[in-house]
Structure formats: structure tokens, C-alpha cells
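The data block below is input-v1.cif; it holds mmCIF, C-alpha atoms.
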data_start
#
loop_
_atom_site.label_atom_id
_atom_site.label_comp_id
_atom_site.auth_asym_id
_atom_site.auth_seq_id
_atom_site.Cartn_x
_atom_site.Cartn_y
_atom_site.Cartn_z
CA MET X 1 0.00 0.00 0.00
CA LYS X 2 1.27 3.48 -0.92
CA LEU X 3 -0.09 6.90 -0.01
CA TYR X 4 0.45 9.73 -2.51
CA ASP X 5 0.59 12.79 -0.37
CA SER X 6 1.31 16.52 -0.54
CA LEU X 7 2.50 18.30 2.55
CA ARG X 8 0.94 21.70 1.90
CA ALA X 9 -2.52 20.70 0.63
CA PRO X 10 -5.47 20.44 3.02
CA ASN X 11 -7.00 17.09 2.07
CA PRO X 12 -3.91 14.87 2.36
CA ARG X 13 -3.41 16.18 5.89
CA ARG X 14 -6.77 14.66 6.87
CA VAL X 15 -5.40 11.22 6.08
CA ARG X 16 -2.07 11.85 7.85
CA TRP X 17 -3.89 13.06 10.98
CA PHE X 18 -6.27 10.07 10.82
CA LEU X 19 -3.36 7.60 10.59
CA ALA X 20 -1.48 9.35 13.41
CA GLU X 21 -4.49 9.01 15.73
CA LYS X 22 -4.44 5.28 14.98
CA GLY X 23 -0.68 5.02 15.48
CA VAL X 24 -0.12 3.75 11.93
CA ASP X 25 3.31 4.72 10.62
CA ASP X 26 4.28 1.92 8.24
CA ILE X 27 2.53 3.04 5.04
CA GLU X 28 4.91 4.17 2.30
CA ILE X 29 4.45 7.89 1.53
CA VAL X 30 5.16 9.46 -1.87
CA ASP X 31 5.23 13.27 -1.92
CA ILE X 32 3.57 15.01 -4.91
CA ASP X 33 4.47 18.65 -5.57
CA LEU X 34 1.18 20.30 -6.59
CA LEU X 35 2.61 23.74 -7.28
CA LYS X 36 4.95 22.14 -9.81
CA GLY X 37 2.00 20.30 -11.38
CA ALA X 38 3.23 16.80 -10.49
CA HIS X 39 -0.41 15.69 -10.09
CA LYS X 40 -1.11 16.56 -13.75
CA GLN X 41 1.74 14.52 -15.25
CA LYS X 42 0.84 11.46 -17.28
CA SER X 43 2.70 9.00 -15.06
CA PHE X 44 0.66 10.17 -12.06
CA LEU X 45 -2.68 10.36 -13.90
CA ASP X 46 -2.22 6.86 -15.35
CA ARG X 47 -1.75 5.54 -11.86
CA ALA X 48 -4.25 7.66 -9.90
CA GLY X 49 -7.03 8.17 -12.44
CA ALA X 50 -7.52 11.80 -11.32
CA ALA X 51 -5.35 14.88 -10.75
CA ASN X 52 -5.90 14.73 -7.00
CA VAL X 53 -4.08 13.99 -3.81
CA PRO X 54 -4.34 12.06 -1.59
CA VAL X 55 -4.36 8.75 -3.46
CA LEU X 56 -4.12 5.40 -1.69
CA GLU X 57 -2.74 2.73 -3.99
CA LEU X 58 -3.60 -0.77 -2.82
CA ASP X 59 -1.29 -3.74 -3.37
CA ASP X 60 -3.62 -5.06 -6.10
CA GLY X 61 -3.17 -1.78 -8.02
CA LEU X 62 -6.53 -0.14 -7.18
CA ALA X 63 -6.04 3.62 -6.76
CA LEU X 64 -8.44 5.23 -4.31
CA THR X 65 -8.91 8.98 -4.32
CA GLU X 66 -11.10 11.11 -2.02
CA SER X 67 -9.75 11.58 1.47
CA ILE X 68 -12.89 10.43 3.28
CA ALA X 69 -13.24 7.25 1.20
CA ILE X 70 -9.55 6.56 1.91
CA CYS X 71 -10.02 7.08 5.65
CA ARG X 72 -13.07 4.80 5.75
CA TYR X 73 -11.11 2.08 3.94
CA LEU X 74 -8.19 2.52 6.36
CA GLU X 75 -10.64 2.24 9.28
CA SER X 76 -11.49 -1.27 8.04
CA LEU X 77 -7.79 -2.20 8.26
CA TYR X 78 -7.05 -0.31 11.49
CA PRO X 79 -10.32 -0.24 13.42
CA GLU X 80 -9.04 1.31 16.68
CA PRO X 81 -9.49 3.95 17.92
CA ASN X 82 -12.85 4.10 16.18
CA MET X 83 -13.39 7.26 14.08
CA PHE X 84 -16.50 6.44 11.98
CA GLY X 85 -18.95 5.05 14.56
CA ARG X 86 -19.46 1.78 16.44
CA ASP X 87 -22.98 1.08 15.16
CA ALA X 88 -25.27 2.36 12.41
CA ARG X 89 -26.86 5.05 14.58
CA GLU X 90 -23.55 6.50 15.79
CA ALA X 91 -22.08 6.21 12.28
CA ALA X 92 -25.02 8.23 10.93
CA VAL X 93 -24.50 11.00 13.49
CA ILE X 94 -20.76 11.13 12.74
CA GLU X 95 -21.36 11.18 8.98
CA MET X 96 -23.99 13.91 9.37
CA TRP X 97 -21.56 16.14 11.30
CA THR X 98 -18.66 15.28 9.01
CA ARG X 99 -20.76 16.42 6.06
CA ARG X 100 -21.92 19.59 7.81
CA VAL X 101 -18.28 20.43 8.52
CA GLU X 102 -17.07 19.52 5.05
CA LEU X 103 -19.86 20.92 2.87
CA GLY X 104 -20.72 23.87 5.10
CA LEU X 105 -17.26 24.97 6.19
CA ALA X 106 -14.24 23.10 4.82
CA ASN X 107 -15.09 23.21 1.11
CA PRO X 108 -16.24 26.85 1.01
CA LEU X 109 -13.28 27.96 3.13
CA MET X 110 -10.84 26.04 0.92
CA LEU X 111 -12.40 27.53 -2.22
CA SER X 112 -12.19 31.03 -0.74
CA VAL X 113 -8.46 30.45 -0.11
CA ARG X 114 -7.96 29.13 -3.67
CA HIS X 115 -9.70 32.19 -5.08
CA THR X 116 -7.66 34.59 -2.89
CA HIS X 117 -4.10 33.46 -2.24
CA PRO X 118 -1.60 34.76 -4.86
CA ALA X 119 0.43 31.56 -4.87
CA LEU X 120 -2.66 29.52 -5.83
CA ALA X 121 -3.35 31.50 -9.01
CA VAL X 122 -1.55 28.67 -10.82
CA LEU X 123 -4.31 26.28 -9.70
CA GLU X 124 -7.40 28.47 -10.06
CA ASN X 125 -8.90 31.20 -12.24
CA GLN X 126 -9.38 33.49 -9.23
CA ILE X 127 -12.62 35.48 -9.02
CA PRO X 128 -13.15 37.88 -6.07
CA ALA X 129 -16.97 37.50 -6.04
CA VAL X 130 -16.60 33.72 -5.79
CA ALA X 131 -14.08 34.04 -2.94
CA GLU X 132 -16.43 36.36 -1.08
CA ASN X 133 -19.50 34.17 -1.58
CA HIS X 134 -17.69 31.09 -0.26
CA ARG X 135 -16.25 33.04 2.65
CA GLY X 136 -19.75 34.16 3.66
CA ALA X 137 -21.01 30.57 3.63
CA ALA X 138 -18.02 29.47 5.71
CA ASP X 139 -18.62 32.22 8.28
CA ARG X 140 -22.23 31.09 8.76
CA ALA X 141 -21.13 27.48 9.22
CA LEU X 142 -18.50 28.55 11.77
CA GLN X 143 -21.18 30.18 13.90
CA ALA X 144 -23.25 26.98 13.95
CA LEU X 145 -20.17 24.92 14.87
CA ASP X 146 -19.29 27.33 17.68
CA VAL X 147 -22.78 26.80 19.12
CA ARG X 148 -22.38 23.03 18.80
CA LEU X 149 -19.07 23.15 20.69
CA THR X 150 -20.30 25.37 23.54
CA ASP X 151 -20.48 22.47 26.00
CA ARG X 152 -18.85 19.62 24.11
CA ASP X 153 -15.25 18.45 23.71
CA PHE X 154 -15.79 16.94 20.23
CA ILE X 155 -18.19 17.62 17.39
CA ALA X 156 -19.98 14.33 16.80
CA ALA X 157 -19.30 11.89 19.66
CA ASP X 158 -17.70 11.56 23.11
CA ARG X 159 -14.31 11.16 21.43
CA ILE X 160 -12.44 12.48 18.43
CA THR X 161 -13.95 11.39 15.12
CA LEU X 162 -13.47 12.16 11.46
CA ALA X 163 -15.64 15.28 11.84
CA ASP X 164 -13.07 16.90 14.17
CA ILE X 165 -10.20 16.05 11.81
CA ILE X 166 -11.95 17.59 8.79
CA LEU X 167 -12.68 20.77 10.75
CA VAL X 168 -9.21 21.34 12.18
CA CYS X 169 -7.52 20.73 8.82
CA ALA X 170 -9.86 23.27 7.18
CA ILE X 171 -9.12 25.94 9.80
CA ASP X 172 -5.37 25.41 9.60
CA PHE X 173 -5.37 25.56 5.79
CA ALA X 174 -7.19 28.90 5.89
CA ARG X 175 -4.31 30.34 7.94
CA LEU X 176 -2.65 30.72 4.51
CA VAL X 177 -4.91 33.76 4.06
CA ARG X 178 -4.42 34.86 7.71
CA PHE X 179 -7.73 33.37 8.83
CA ARG X 180 -8.18 33.33 12.62
CA LEU X 181 -11.11 32.07 14.70
CA PRO X 182 -13.06 35.11 15.96
CA GLU X 183 -12.39 36.08 19.61
CA ASP X 184 -16.05 35.62 20.56
CA MET X 185 -16.23 31.99 19.41
CA GLY X 186 -15.34 30.50 22.76
CA GLY X 187 -16.54 26.98 22.04
CA LEU X 188 -14.61 26.67 18.80
CA ARG X 189 -11.47 28.29 20.23
CA ARG X 190 -11.35 25.92 23.22
CA TRP X 191 -11.91 22.91 20.93
CA TYR X 192 -9.27 24.20 18.48
CA ALA X 193 -6.65 24.62 21.23
CA ALA X 194 -7.27 21.05 22.40
CA MET X 195 -7.07 19.65 18.87
CA SER X 196 -3.86 21.56 18.14
CA ALA X 197 -2.26 20.09 21.26
CA ARG X 198 -2.79 16.49 20.11
CA PRO X 199 0.35 14.71 18.86
CA ALA X 200 -1.42 13.99 15.54
CA ALA X 201 -1.53 17.73 14.83
CA LYS X 202 2.16 17.49 13.92
CA ALA X 203 1.81 14.57 11.49
CA GLY X 204 3.68 15.60 8.38
CA VAL X 205 3.68 19.30 9.28
CA THR X 206 7.16 20.67 8.74
CA ALA X 207 6.72 24.42 9.24
CA MET C 208 -39.54 6.69 11.85
CA LYS C 209 -40.57 9.79 9.84
CA LEU C 210 -39.02 11.31 6.72
CA TYR C 211 -39.33 15.08 6.29
CA ASP C 212 -39.33 15.56 2.57
CA SER C 213 -39.82 18.21 -0.10
CA LEU C 214 -40.97 17.18 -3.53
CA ARG C 215 -39.20 19.84 -5.56
CA ALA C 216 -35.79 19.91 -3.87
CA PRO C 217 -32.92 17.78 -5.20
CA ASN C 218 -31.57 16.15 -2.05
CA PRO C 219 -34.79 14.64 -0.68
CA ARG C 220 -35.31 12.92 -4.04
CA ARG C 221 -32.07 10.97 -3.48
CA VAL C 222 -33.63 9.35 -0.42
CA ARG C 223 -36.96 8.65 -2.16
CA TRP C 224 -35.15 7.04 -5.10
CA PHE C 225 -32.96 5.00 -2.72
CA LEU C 226 -36.00 3.71 -0.81
CA ALA C 227 -37.85 2.90 -4.04
CA GLU C 228 -34.92 0.77 -5.27
CA LYS C 229 -35.18 -1.15 -2.00
CA GLY C 230 -38.94 -1.48 -2.25
CA VAL C 231 -39.49 0.34 1.07
CA ASP C 232 -42.82 2.15 1.15
CA ASP C 233 -43.90 2.11 4.79
CA ILE C 234 -41.99 5.14 6.15
CA GLU C 235 -44.23 8.07 7.08
CA ILE C 236 -43.52 11.10 4.84
CA VAL C 237 -44.05 14.71 5.94
CA ASP C 238 -43.88 17.30 3.14
CA ILE C 239 -42.04 20.57 3.90
CA ASP C 240 -42.70 23.56 1.60
CA LEU C 241 -39.29 25.21 1.16
CA LEU C 242 -40.48 28.13 -0.95
CA LYS C 243 -42.86 29.08 1.86
CA GLY C 244 -39.98 28.81 4.36
CA ALA C 245 -41.44 25.88 6.32
CA HIS C 246 -37.87 24.63 6.97
CA LYS C 247 -37.04 27.89 8.79
CA GLN C 248 -39.96 27.80 11.23
CA LYS C 249 -39.18 27.22 14.88
CA SER C 250 -41.24 24.04 15.18
CA PHE C 251 -39.23 22.46 12.34
CA LEU C 252 -35.84 23.75 13.54
CA ASP C 253 -36.46 22.53 17.09
CA ARG C 254 -37.10 19.06 15.71
CA ALA C 255 -34.54 18.88 12.90
CA GLY C 256 -31.66 20.96 14.29
CA ALA C 257 -31.00 22.51 10.87
CA ALA C 258 -32.99 24.29 8.14
CA ASN C 259 -32.57 21.37 5.75
CA VAL C 260 -34.51 18.60 4.11
CA PRO C 261 -34.43 15.67 4.06
CA VAL C 262 -34.57 14.84 7.78
CA LEU C 263 -35.05 11.31 9.06
CA GLU C 264 -36.53 11.31 12.56
CA LEU C 265 -35.91 8.05 14.39
CA ASP C 266 -38.37 6.63 16.91
CA ASP C 267 -36.04 7.63 19.77
CA GLY C 268 -36.25 11.27 18.61
CA LEU C 269 -32.84 11.54 16.92
CA ALA C 270 -33.10 13.75 13.84
CA LEU C 271 -30.68 12.87 11.07
CA THR C 272 -29.99 15.36 8.30
CA GLU C 273 -27.74 14.95 5.24
CA SER C 274 -29.15 12.74 2.51
CA ILE C 275 -26.14 10.44 2.24
CA ALA C 276 -25.92 9.85 6.01
CA ILE C 277 -29.66 9.08 5.94
CA CYS C 278 -29.26 6.62 3.05
CA ARG C 279 -26.35 4.85 4.76
CA TYR C 280 -28.42 4.48 7.93
CA LEU C 281 -31.37 3.16 5.92
CA GLU C 282 -29.02 0.66 4.25
CA SER C 283 -28.35 -0.82 7.71
CA LEU C 284 -32.11 -1.37 8.14
CA TYR C 285 -32.82 -2.46 4.56
CA PRO C 286 -29.59 -4.04 3.31
CA GLU C 287 -30.87 -5.35 -0.06
CA PRO C 288 -30.31 -4.55 -2.83
CA ASN C 289 -26.89 -3.35 -1.69
CA MET C 290 -26.09 0.28 -2.61
CA PHE C 291 -22.99 1.11 -0.53
CA GLY C 292 -20.71 -1.89 -1.15
CA ARG C 293 -20.44 -5.48 0.04
CA ASP C 294 -16.93 -5.22 1.50
CA ALA C 295 -14.49 -2.46 2.45
CA ARG C 296 -12.82 -2.37 -0.96
CA GLU C 297 -16.06 -2.11 -2.93
CA ALA C 298 -17.44 0.39 -0.41
CA ALA C 299 -14.35 2.57 -0.93
CA VAL C 300 -14.78 2.55 -4.71
CA ILE C 301 -18.48 3.42 -4.40
CA GLU C 302 -17.78 6.21 -1.89
CA MET C 303 -15.01 7.59 -4.12
CA TRP C 304 -17.35 7.79 -7.12
CA THR C 305 -20.23 9.09 -5.04
CA ARG C 306 -17.98 11.91 -3.86
CA ARG C 307 -16.69 12.66 -7.34
CA VAL C 308 -20.29 12.92 -8.53
CA GLU C 309 -21.45 14.95 -5.55
CA LEU C 310 -18.53 17.33 -5.05
CA GLY C 311 -17.55 17.60 -8.71
CA LEU C 312 -20.96 17.73 -10.34
CA ALA C 313 -24.05 17.69 -8.13
CA ASN C 314 -23.10 20.46 -5.71
CA PRO C 315 -21.72 22.90 -8.31
CA LEU C 316 -24.68 22.24 -10.63
CA MET C 317 -27.16 22.75 -7.78
CA LEU C 318 -25.43 25.98 -6.75
CA SER C 319 -25.47 27.23 -10.34
CA VAL C 320 -29.24 26.61 -10.42
CA ARG C 321 -29.70 28.41 -7.08
CA HIS C 322 -27.74 31.39 -8.36
CA THR C 323 -29.69 31.49 -11.66
CA HIS C 324 -33.34 30.46 -11.36
CA PRO C 325 -35.65 33.44 -10.64
CA ALA C 326 -37.89 31.42 -8.29
CA LEU C 327 -34.92 30.58 -6.07
CA ALA C 328 -34.01 34.22 -5.38
CA VAL C 329 -35.93 33.76 -2.10
CA LEU C 330 -33.34 31.16 -1.03
CA GLU C 331 -30.13 32.73 -2.32
CA ASN C 332 -28.40 36.08 -2.86
CA GLN C 333 -27.87 35.35 -6.56
CA ILE C 334 -24.52 36.34 -8.09
CA PRO C 335 -23.94 35.70 -11.84
CA ALA C 336 -20.14 35.21 -11.46
CA VAL C 337 -20.77 32.52 -8.83
CA ALA C 338 -23.33 30.76 -11.04
CA GLU C 339 -20.91 30.80 -13.96
CA ASN C 340 -17.96 29.52 -11.91
CA HIS C 341 -20.00 26.59 -10.56
CA ARG C 342 -21.38 25.80 -13.99
CA GLY C 343 -17.85 25.60 -15.41
CA ALA C 344 -16.82 23.15 -12.69
CA ALA C 345 -19.92 21.06 -13.36
CA ASP C 346 -19.22 20.95 -17.10
CA ARG C 347 -15.70 19.64 -16.50
CA ALA C 348 -17.03 16.94 -14.16
CA LEU C 349 -19.65 15.91 -16.74
CA GLN C 350 -16.93 15.26 -19.30
CA ALA C 351 -15.08 12.98 -16.91
CA LEU C 352 -18.29 11.10 -16.07
CA ASP C 353 -19.11 10.67 -19.76
CA VAL C 354 -15.70 9.03 -20.26
CA ARG C 355 -16.31 6.79 -17.25
CA LEU C 356 -19.66 5.66 -18.69
CA THR C 357 -18.37 4.95 -22.22
CA ASP C 358 -18.43 1.19 -21.71
CA ARG C 359 -20.17 0.78 -18.36
CA ASP C 360 -23.82 0.52 -17.32
CA PHE C 361 -23.28 2.05 -13.87
CA ILE C 362 -20.78 4.46 -12.39
CA ALA C 363 -19.17 2.60 -9.53
CA ALA C 364 -20.07 -1.12 -9.64
CA ASP C 365 -21.77 -3.80 -11.74
CA ARG C 366 -25.14 -2.62 -10.42
CA ILE C 367 -26.85 0.62 -9.44
CA THR C 368 -25.31 2.24 -6.37
CA LEU C 369 -25.66 5.49 -4.50
CA ALA C 370 -23.32 7.16 -7.01
CA ASP C 371 -25.84 6.68 -9.83
CA ILE C 372 -28.69 8.04 -7.72
CA ILE C 373 -26.77 11.19 -6.78
CA LEU C 374 -25.92 11.84 -10.43
CA VAL C 375 -29.37 11.36 -11.91
CA CYS C 376 -31.00 13.55 -9.25
CA ALA C 377 -28.49 16.31 -9.97
CA ILE C 378 -29.13 16.20 -13.72
CA ASP C 379 -32.90 16.22 -13.31
CA PHE C 380 -32.78 19.15 -10.86
CA ALA C 381 -30.78 21.20 -13.36
CA ARG C 382 -33.61 20.81 -15.88
CA LEU C 383 -35.13 23.71 -13.91
CA VAL C 384 -32.68 25.92 -15.79
CA ARG C 385 -33.18 24.00 -19.07
CA PHE C 386 -30.03 21.97 -18.62
CA ARG C 387 -29.68 19.10 -21.11
CA LEU C 388 -26.89 16.55 -21.50
CA PRO C 389 -24.79 17.53 -24.55
CA GLU C 390 -25.50 15.51 -27.71
CA ASP C 391 -21.92 14.28 -27.92
CA MET C 392 -21.92 12.69 -24.46
CA GLY C 393 -22.98 9.25 -25.63
CA GLY C 394 -21.99 7.38 -22.48
CA LEU C 395 -23.84 9.69 -20.15
CA ARG C 396 -26.90 9.89 -22.39
CA ARG C 397 -27.25 6.09 -22.65
CA TRP C 398 -26.83 5.77 -18.87
CA TYR C 399 -29.31 8.60 -18.25
CA ALA C 400 -31.95 6.99 -20.46
CA ALA C 401 -31.60 3.70 -18.59
CA MET C 402 -31.79 5.40 -15.18
CA SER C 403 -34.85 7.41 -16.20
CA ALA C 404 -36.63 4.20 -17.24
CA ARG C 405 -36.29 2.63 -13.78
CA PRO C 406 -39.50 2.56 -11.72
CA ALA C 407 -37.68 4.43 -8.91
CA ALA C 408 -37.33 7.45 -11.21
CA LYS C 409 -41.00 8.20 -10.52
CA ALA C 410 -40.76 8.02 -6.71
CA GLY C 411 -42.50 11.12 -5.44
CA VAL C 412 -42.29 12.90 -8.79
CA THR C 413 -45.66 14.43 -9.57
CA ALA C 414 -45.01 16.48 -12.68
#

Encoded form (C-alpha cells):
Amino acid sequence: MKLYDSLRAPNPRRVRWFLAEKGVDDIEIVDIDLLKGAHKQKSFLDRAGAANVPVLELDDGLALTESIAICRYLESLYPEPNMFGRDAREAAVIEMWTRRVELGLANPLMLSVRHTHPALAVLENQIPAVAENHRGAADRALQALDVRLTDRDFIAADRITLADIILVCAIDFARLVRFRLPEDMGGLRRWYAAMSARPAAKAGVTA
Amino acid sequence: MKLYDSLRAPNPRRVRWFLAEKGVDDIEIVDIDLLKGAHKQKSFLDRAGAANVPVLELDDGLALTESIAICRYLESLYPEPNMFGRDAREAAVIEMWTRRVELGLANPLMLSVRHTHPALAVLENQIPAVAENHRGAADRALQALDVRLTDRDFIAADRITLADIILVCAIDFARLVRFRLPEDMGGLRRWYAAMSARPAAKAGVTA
């Protein structure tokens, strides 16, 4: 099994954090330099089937893209600690919150960064109105998440789950455009400090 | 168990189609009129926790939102025919394609409709540049899906799965803005004709 990774992109970090929480450190990592377009070269596309990272290549040659599909597959190989739910009801609650975080916050925030940061102009035809629209959606989602975290340690369960990992990776990626959690979001700020103090926060982070 | 539904919105139709494929017809349906703002009224918000449909309310009072989390939970209750994968490897492939369809095509196409259709101005601060940007992303995803369907009957497996349902619901919703599959997309058009001929295509569709 091989993991095609990129240290500065937001989605590969989800998988690195997920593996670090599970104590898995024996998967071969191949770094892909996105700003140099390594993900668009034929040798990579032939293998991965899409110009994306992360990609998990299985020993039988199957290339899996999509960070959340990769994490769910890895959960089947490394079930503990559980990140996706112990039964169908808990799994549904975790998936619901993971999706609220991803669709409501992480994706809009990431798109607002892509449409704003000068270094990412090589990846995106940047449009200010699009950046602003996504940023507005992200701000509304942040408020709802701050309410959710008022009296909870984690978003979806009594322990860290995939939903927390998706959220913290989104917030850290947005620091590229000097994003900071607002002072009055006490629930989110307390949760963020605790997440940032976990050993997994350092997985593959060099700066 | 109760399903809060809305006949004209795209995401509730995913759940109706999913249930129809499984032959489930004994879940109580409650219709929510989005254009009249029924999803923003306090009685609904107190129950559902978010201004969204669909919502699946379990008998213990838990309200699940997010169509895909709802479908996965329903799969645990009604496992056949299988829509999410029979083992971890197949489930990963299905989730990968479901996400490519949803994030690459369905969400951008839905947002382009929301930012374009006059009747949806009550739901969205419509911005032409945002509509155009999403539509461009959707068009690129359509091309990739057409290639995928060149010599396949279904997107992710040898049978219909969630990925097919998400795609067909997205295409049909975009008909609101007169979207049609391009003539030269033979793979997608053949697949679309076959999907539209399934009995489940009519689940809850009145027009």
C-alpha cells in the first residue's frame, strides 16, 4: 500500500492526521508537488485516475482517491481507535456532522483560499466574487459549529472522530490567508486549542 | 420513523429514489414547503436541528440530516439490494465515485441553479459570477463522467449504487434551468436513459 501525499494541501493532511491518531506509521508515503503540477503529469494520472491527492494505492493496483473514502477504507484495516462510529446510529450522526463540517465549512473555506491566495493562481482562475461568496457561507457554518461546541469536547461523539479532523484541517489551511477564529467563538477556540495540542496535529507538518 | 421531505428539492429525491430501489414504502412522509420557508420555522428547527430537508426522525427522537448519512443508515435497516458496497474495498470505490459525482458535479450544478433560477431568489443572494464559476466546474465533471460511462452501465459497480442516484437527481434538478446533456456525451446519455426508465425514477415525482 502506498499513499500519494502533498505536505501543503489540506485534504492529504486529513489522512495523515487520521493515521497518526491510529498510530499507523508503516505506510509508504510518496510526496507530490502540486505547485509544480506533479499531479497533472501522465505518469501520475495513469496511476491515480484523477489529478488529486491524496491517493491510496492498494497492493492489487486499485487507486483510491477522495480523502474520506480513503479514511473509511483505512478504518477497516485499522479499526481502533474508532473514528467512523461503532454502530449504524452513531455512524449516521458522525457522517452527518462530518458532512456539515465539510460541505458547510471546509469546502467553502478552501475555495475562498484558492480564489484569494496569490500563490494559488496557478491552480485556479481566481474570481473575487466567488471568494467572497464562499467566505460568507463558511462564516455562517463557523457560527453553527461554535454553538455546537459550547459544552462539548468533540463535534460528533464523546471522542475524536473524522468530523473533528476535517474541521481542524480546514481551519489550519485557511491560515494561509491569515484566517483566525473570531475572539467571541469560545466553544470553537477551546476545541481548536485542544485539537492543536494532540500529537497527531504534527503529522507531516514541517513548518 | 418519519421522513421530512420536499418534492421539488434535489436532495430529498435521493432518499426517495434509494428507498424505491429497495422497495421500502412504509416510512411516514411529511412534506415541507421550502419556498414558503417551512424549513425555517421554529417548530421544524427545534425538531430537525437545521434548516434542511431531508430529515429522518428516528423513533427515539434523533433527527438525522444529510441525505447520504440518511441513506447509509437506511441501508443498515434495509440491506438489499446493496447500494454502498459489500466489503471495504467495494465500499471505498463506491464512496469515491459518489464523492466525485457529488462534489464535482451535483453540488456545483445545484449551486449554479440556485444562483440562476428566478424562483430561487428567495433562497439565495444570486450572483452571476458565482453561477458561472460553478457551472464551469460542473461541465468539467460531466466530461469525466461521460468518459467513465463509455463502456459501463453504472458508475461505480456492476449494479446501481448510490453514485448513480446522486448523479441522476443532480441532472434532473438542473432541468429547472433547461439543462440538457450535450449531444456528444454518448456514455452519459445512454446511462441517463436507462436510469430514467427505472421505476424508482418516478418516486414522489408528480409532474

Could you give me, as JSON lines, every chain X residue with an atom at most 9 Å from chain C, plus its closest atom pair and distance in Å to one decimal, counting all atoms listed in the file, rows ordered by chain then number?
{"residue": "X:Leu64", "atom": "CA", "partner": "C:Val300", "partner_atom": "CA", "distance": 6.9}
{"residue": "X:Thr65", "atom": "CA", "partner": "C:Met303", "partner_atom": "CA", "distance": 6.3}
{"residue": "X:Glu66", "atom": "CA", "partner": "C:Met303", "partner_atom": "CA", "distance": 5.7}
{"residue": "X:Ser67", "atom": "CA", "partner": "C:Met303", "partner_atom": "CA", "distance": 8.7}
{"residue": "X:Ile68", "atom": "CA", "partner": "C:Met303", "partner_atom": "CA", "distance": 8.2}
{"residue": "X:Ala69", "atom": "CA", "partner": "C:Ala299", "partner_atom": "CA", "distance": 5.3}
{"residue": "X:Ile70", "atom": "CA", "partner": "C:Ala299", "partner_atom": "CA", "distance": 6.9}
{"residue": "X:Arg72", "atom": "CA", "partner": "C:Ala299", "partner_atom": "CA", "distance": 7.2}
{"residue": "X:Tyr73", "atom": "CA", "partner": "C:Ala295", "partner_atom": "CA", "distance": 5.9}
{"residue": "X:Leu74", "atom": "CA", "partner": "C:Ala295", "partner_atom": "CA", "distance": 8.9}
{"residue": "X:Ser76", "atom": "CA", "partner": "C:Ala295", "partner_atom": "CA", "distance": 6.5}
{"residue": "X:Leu77", "atom": "CA", "partner": "C:Ala295", "partner_atom": "CA", "distance": 8.9}
{"residue": "X:Ala88", "atom": "CA", "partner": "C:Tyr280", "partner_atom": "CA", "distance": 5.9}
{"residue": "X:Arg89", "atom": "CA", "partner": "C:Tyr280", "partner_atom": "CA", "distance": 6.9}
{"residue": "X:Ala91", "atom": "CA", "partner": "C:Tyr280", "partner_atom": "CA", "distance": 7.9}
{"residue": "X:Ala92", "atom": "CA", "partner": "C:Ala276", "partner_atom": "CA", "distance": 5.3}
{"residue": "X:Val93", "atom": "CA", "partner": "C:Leu271", "partner_atom": "CA", "distance": 6.9}
{"residue": "X:Ile94", "atom": "CA", "partner": "C:Ala276", "partner_atom": "CA", "distance": 8.6}
{"residue": "X:Glu95", "atom": "CA", "partner": "C:Ala276", "partner_atom": "CA", "distance": 5.6}
{"residue": "X:Met96", "atom": "CA", "partner": "C:Ala276", "partner_atom": "CA", "distance": 5.6}
{"residue": "X:Trp97", "atom": "CA", "partner": "C:Glu273", "partner_atom": "CA", "distance": 8.7}
{"residue": "X:Arg99", "atom": "CA", "partner": "C:Glu273", "partner_atom": "CA", "distance": 7.2}
{"residue": "X:Arg100", "atom": "CA", "partner": "C:Glu273", "partner_atom": "CA", "distance": 7.9}
{"residue": "X:Leu103", "atom": "CA", "partner": "C:Leu310", "partner_atom": "CA", "distance": 8.8}
{"residue": "X:Ile127", "atom": "CA", "partner": "C:Ala336", "partner_atom": "CA", "distance": 7.9}
{"residue": "X:Ala129", "atom": "CA", "partner": "C:Ala336", "partner_atom": "CA", "distance": 6.7}
{"residue": "X:Val130", "atom": "CA", "partner": "C:Val337", "partner_atom": "CA", "distance": 5.3}
{"residue": "X:Asn133", "atom": "CA", "partner": "C:Val337", "partner_atom": "CA", "distance": 7.5}

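Our summary of the geometry notes that CA of Asp158 (chain X) is positioned 16.8 Å from CA of Lys22 (chain X).
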
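Taking all atoms listed in the file into account, Glu287 (chain C) lies nearest to C:Ala227 out of the set C:Ala216, C:Leu352, C:Ala227, C:Leu327.
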
- Message: I need the residue nearest Gly23 (chain X) from this list: X:Val122, X:Tyr78, X:Pro108, X:Ala174. Use all atoms listed in the file for the distance.
- Response: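 Of all the options, X:Tyr78 lies closest to Gly23 (chain X).
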
- Message: Which residues, named as in the file, does the PyMOL selection byres ((chain C and resi 219) around 10) pick out? Answer as a list in words.
- Response: Leu210, Tyr211, Asp212, Ser213, Leu214, Arg215, Ala216, Pro217, Asn218, Arg220, Arg221, Val222, Arg223, Trp224, Asn259, Val260, Pro261, Val262, Glu273, Ser274, Cys376 and Gly411 of chain C

- Message: For a quick check of understanding, using all atoms listed in the file, which of C:Ala345, C:Leu330, C:Ala400, C:Leu316 has the smallest distance to Leu383 (chain C)?
- Response: C:Leu316

- Message: Quick one: residues within 12 Å of Arg135 (chain X), only C-alpha atoms, excluding same-chain residues fewer than 6 positions away - as a list in words?
- Response: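 So, after excluding close chain neighbours, the residues are Gly104, Leu105, Ala106, Asn107, Pro108, Leu109, Met110, Leu111, Ser112, Val113, Arg114, His115, Thr116, Pro128, Ala129, Ala141, Leu142, Ala174, Val177 and Phe179 of chain X.
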
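The space between CA of Glu57 (chain X) and CA of Phe44 (chain X) spans 11.5 Å.
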